[in-house]
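**Student:** Let me begin by handing over the structure; questions about it come next.
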Amino acid sequence: MALKRTLSLLCAASLMLTMAACKNNKNTVKQADGSDNVSAKTTTQITQVGEVGEKTEMADVEIQINKIYRSEYLSSREDSASNIIFLDVTIKNNTEEELEPNMLSSFEFEVDGEPCDFATLFAINSAKKQFGNDVDLFSDPLRPTEARTGCVPAELPLEFDSATIKFLPLGGINSSGNSSQAILYTFTPDDMENLAKPESAE
């Protein structure tokens, strides 16, 4: 009887230790917004490298960054000079749902390896001054099978070595979309084409 009780206690202790070990070994995934999500299925982002001037497709969305322009619009942030660049972009939606591929929902920038808060009101206003108030900033959803060419403005540091554009075809955290896939474009200041202000803005 004493032996049976001892074996029962040992089994119970062993079960408790096993449960504790399992609890401590749970792999949590740190999301982009800083939260922990135990049930997340992916821990890495699927990326594809794109080239400026060439069409690339991911998740049934086609994109072509036709050109990257460095404008003459200058500003400053945190006591550092900044410059507005314009992406001339063509996007086609081959999915069965509407997409919102605008600067806030589908694009991210890194400059010299650090995330850059590029989407500013100054960038939007500069695009309207450069191309007119009717410039397509992809503010309206892109319908299934629809293709449009528009502008993605970005405020970047005036001086940098290299920058990376990240296009999220299904949207990022800012749009509550799926940020698990991305197309990456890396460029340097030499890859940008200088663009003068229109005469009407002088």
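Letters A, B, ... go to the chains of the structure tokens in the order shown; residues in each chain start at 1; ligands are counted from 1 in the same order.
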Write out as a PyMOL selection string the residues lying within 9 Å of A:Glu108, counting only C-alpha atoms and excluding same-chain residues fewer than 4 positions away.

**Tutor:** chain A and resi 103-104+115-119+164-168+172

**Student:** To one decimal place, how far is atom CA of A:Asn94 from atom CA of A:Glu146 in Å?

**Tutor:**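 So the answer is 7.6 Å.
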
**Student:** Could you pull out the strand (DSSP E) residues of stretch 93-142 of chain A from DSSP and send them as an MDAnalysis selection string?

**Tutor:** chainID A and resid 93 107:111 114:116

**Student:** Which residue out of A:Pro189, A:Pro198, A:Gly50, A:Gly132 has the minimum interatomic distance to A:Ala163 when only C-alpha atoms are used?

**Tutor:**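 Of A:Pro189, A:Pro198, A:Gly50, A:Gly132, the one nearest A:Ala163, counting only C-alpha atoms, is A:Pro189.
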
**Student:** Within 12 Å of A:Gly150, counting only C-alpha atoms, which residues show up once you throw out same-chain ones fewer than 2 positions away? Write them as a ChimeraX atom specification, please.

**Tutor:** /A:63-67,86-92,101-103,127-128,131,134-140,142,147-148,152-153

**Student:** Please provide as a PyMOL selection string all residues within 8 Å of A:Leu158, with the sequence filter that same-chain residues fewer than 2 positions apart are discarded (counting only C-alpha atoms).

**Tutor:** chain A and resi 81-83+156+160

**Student:** Measuring atom to atom with only C-alpha atoms, identify which of A:Glu96, A:Asp79, A:Asp161, A:Asp191 is nearest to A:Glu110.

**Tutor:**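 Looking only at the distances to A:Glu110, the closest residue turns out to be A:Asp161.
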
**Student:** Using only C-alpha atoms, which of the listed residues (A:Asn93, A:Ser106, A:Thr120, A:Asn125) sits closest to A:Thr149?

**Tutor:**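 Between A:Asn93, A:Ser106, A:Thr120, A:Asn125, the residue approaching A:Thr149 most closely is A:Asn93.
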
**Student:** Can you work out the spacing between atom CA of A:Glu199 and atom CA of A:Lys129 in Å, to one decimal?

**Tutor:**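 Atom CA of A:Glu199 sits 10.4 Å away from atom CA of A:Lys129.
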
**Student:** Got a sec to tell me which of stretch 56-195 of chain A DSSP assigns to alpha helix (DSSP H), as a list in words?

**Tutor:** Leu121, Phe122, Ala123, Ile124, Asn125, Ser126, Ala127, Lys128, Lys129, Gln130 and Phe131 of chain A

**Student:** Can I get the selected residues back with N, CA and C atoms, as a PDB file, in the first residue's frame?

**Tutor:**
```pdb
ATOM      1  N   LEU A 121       2.746  64.437 -43.968  1.00  0.00           N
ATOM      2  CA  LEU A 121       1.861  65.370 -44.657  1.00  0.00           C
ATOM      3  C   LEU A 121       2.643  66.222 -45.648  1.00  0.00           C
ATOM      4  N   PHE A 122       3.891  66.556 -45.292  1.00  0.00           N
ATOM      5  CA  PHE A 122       4.735  67.339 -46.201  1.00  0.00           C
ATOM      6  C   PHE A 122       4.995  66.568 -47.492  1.00  0.00           C
ATOM      7  N   ALA A 123       5.175  65.248 -47.387  1.00  0.00           N
ATOM      8  CA  ALA A 123       5.396  64.430 -48.580  1.00  0.00           C
ATOM      9  C   ALA A 123       4.163  64.444 -49.481  1.00  0.00           C
ATOM     10  N   ILE A 124       2.985  64.304 -48.880  1.00  0.00           N
ATOM     11  CA  ILE A 124       1.745  64.319 -49.662  1.00  0.00           C
ATOM     12  C   ILE A 124       1.543  65.681 -50.337  1.00  0.00           C
ATOM     13  N   ASN A 125       1.731  66.748 -49.585  1.00  0.00           N
ATOM     14  CA  ASN A 125       1.564  68.093 -50.148  1.00  0.00           C
ATOM     15  C   ASN A 125       2.566  68.364 -51.264  1.00  0.00           C
ATOM     16  N   SER A 126       3.789  67.838 -51.111  1.00  0.00           N
ATOM     17  CA  SER A 126       4.807  68.026 -52.145  1.00  0.00           C
ATOM     18  C   SER A 126       4.411  67.311 -53.434  1.00  0.00           C
ATOM     19  N   ALA A 127       3.818  66.121 -53.309  1.00  0.00           N
ATOM     20  CA  ALA A 127       3.367  65.380 -54.493  1.00  0.00           C
ATOM     21  C   ALA A 127       2.277  66.156 -55.223  1.00  0.00           C
ATOM     22  N   LYS A 128       1.381  66.776 -54.464  1.00  0.00           N
ATOM     23  CA  LYS A 128       0.306  67.562 -55.092  1.00  0.00           C
ATOM     24  C   LYS A 128       0.849  68.826 -55.751  1.00  0.00           C
ATOM     25  N   LYS A 129       1.868  69.440 -55.146  1.00  0.00           N
ATOM     26  CA  LYS A 129       2.491  70.608 -55.769  1.00  0.00           C
ATOM     27  C   LYS A 129       3.242  70.213 -57.043  1.00  0.00           C
ATOM     28  N   GLN A 130       3.861  69.042 -57.013  1.00  0.00           N
ATOM     29  CA  GLN A 130       4.658  68.591 -58.152  1.00  0.00           C
ATOM     30  C   GLN A 130       3.785  68.146 -59.324  1.00  0.00           C
ATOM     31  N   PHE A 131       2.751  67.366 -59.019  1.00  0.00           N
ATOM     32  CA  PHE A 131       1.971  66.723 -60.086  1.00  0.00           C
ATOM     33  C   PHE A 131       0.532  67.223 -60.193  1.00  0.00           C
TER      34      PHE A 131
END
```

**Student:** Please determine, counting only C-alpha atoms, which residue among A:Asp60, A:Glu72, A:Glu78, A:Glu159 has the shortest atom-to-atom distance to A:Asp112.

**Tutor:** A:Glu159

**Student:** Please indicate the distance in Å from atom CA of A:Ala182 to atom CA of A:Gly113, rounded to one decimal place.

**Tutor:**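 These two atoms are separated by 16.3 Å.
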
**Student:** Using only C-alpha atoms, which residues sit within 10 Å of A:Leu170 once same-chain residues fewer than 3 positions away are excluded, as an mmCIF file with C-alpha atoms, in the first residue's frame?

**Tutor:**
```
data_model
loop_
_atom_site.group_PDB
_atom_site.id
_atom_site.type_symbol
_atom_site.label_atom_id
_atom_site.label_comp_id
_atom_site.auth_asym_id
_atom_site.auth_seq_id
_atom_site.Cartn_x
_atom_site.Cartn_y
_atom_site.Cartn_z
ATOM 1 C CA MET A 58 3.605 38.327 -55.388
ATOM 2 C CA ALA A 59 0.338 37.143 -53.832
ATOM 3 C CA ASP A 60 -1.465 37.831 -57.147
ATOM 4 C CA VAL A 61 -0.471 41.489 -57.080
ATOM 5 C CA THR A 95 -6.840 39.094 -56.550
ATOM 6 C CA GLU A 98 -10.169 45.256 -53.392
ATOM 7 C CA LEU A 99 -6.711 46.415 -52.301
ATOM 8 C CA GLU A 100 -5.556 49.709 -50.825
ATOM 9 C CA PRO A 101 -1.921 49.965 -51.976
ATOM 10 C CA SER A 105 -0.983 50.655 -45.903
ATOM 11 C CA SER A 106 1.372 48.932 -48.322
ATOM 12 C CA PHE A 167 6.036 46.699 -50.744
ATOM 13 C CA SER A 175 -4.246 48.515 -42.672
ATOM 14 C CA SER A 176 -4.843 45.391 -40.549
ATOM 15 C CA GLY A 177 -3.629 43.454 -43.558
ATOM 16 C CA ASN A 178 -1.323 40.490 -43.995
ATOM 17 C CA SER A 179 2.297 41.624 -43.737
ATOM 18 C CA SER A 180 3.777 38.129 -44.101
ATOM 19 C CA GLN A 181 4.901 38.774 -47.699
ATOM 20 C CA ALA A 182 6.963 41.620 -49.101
#
```
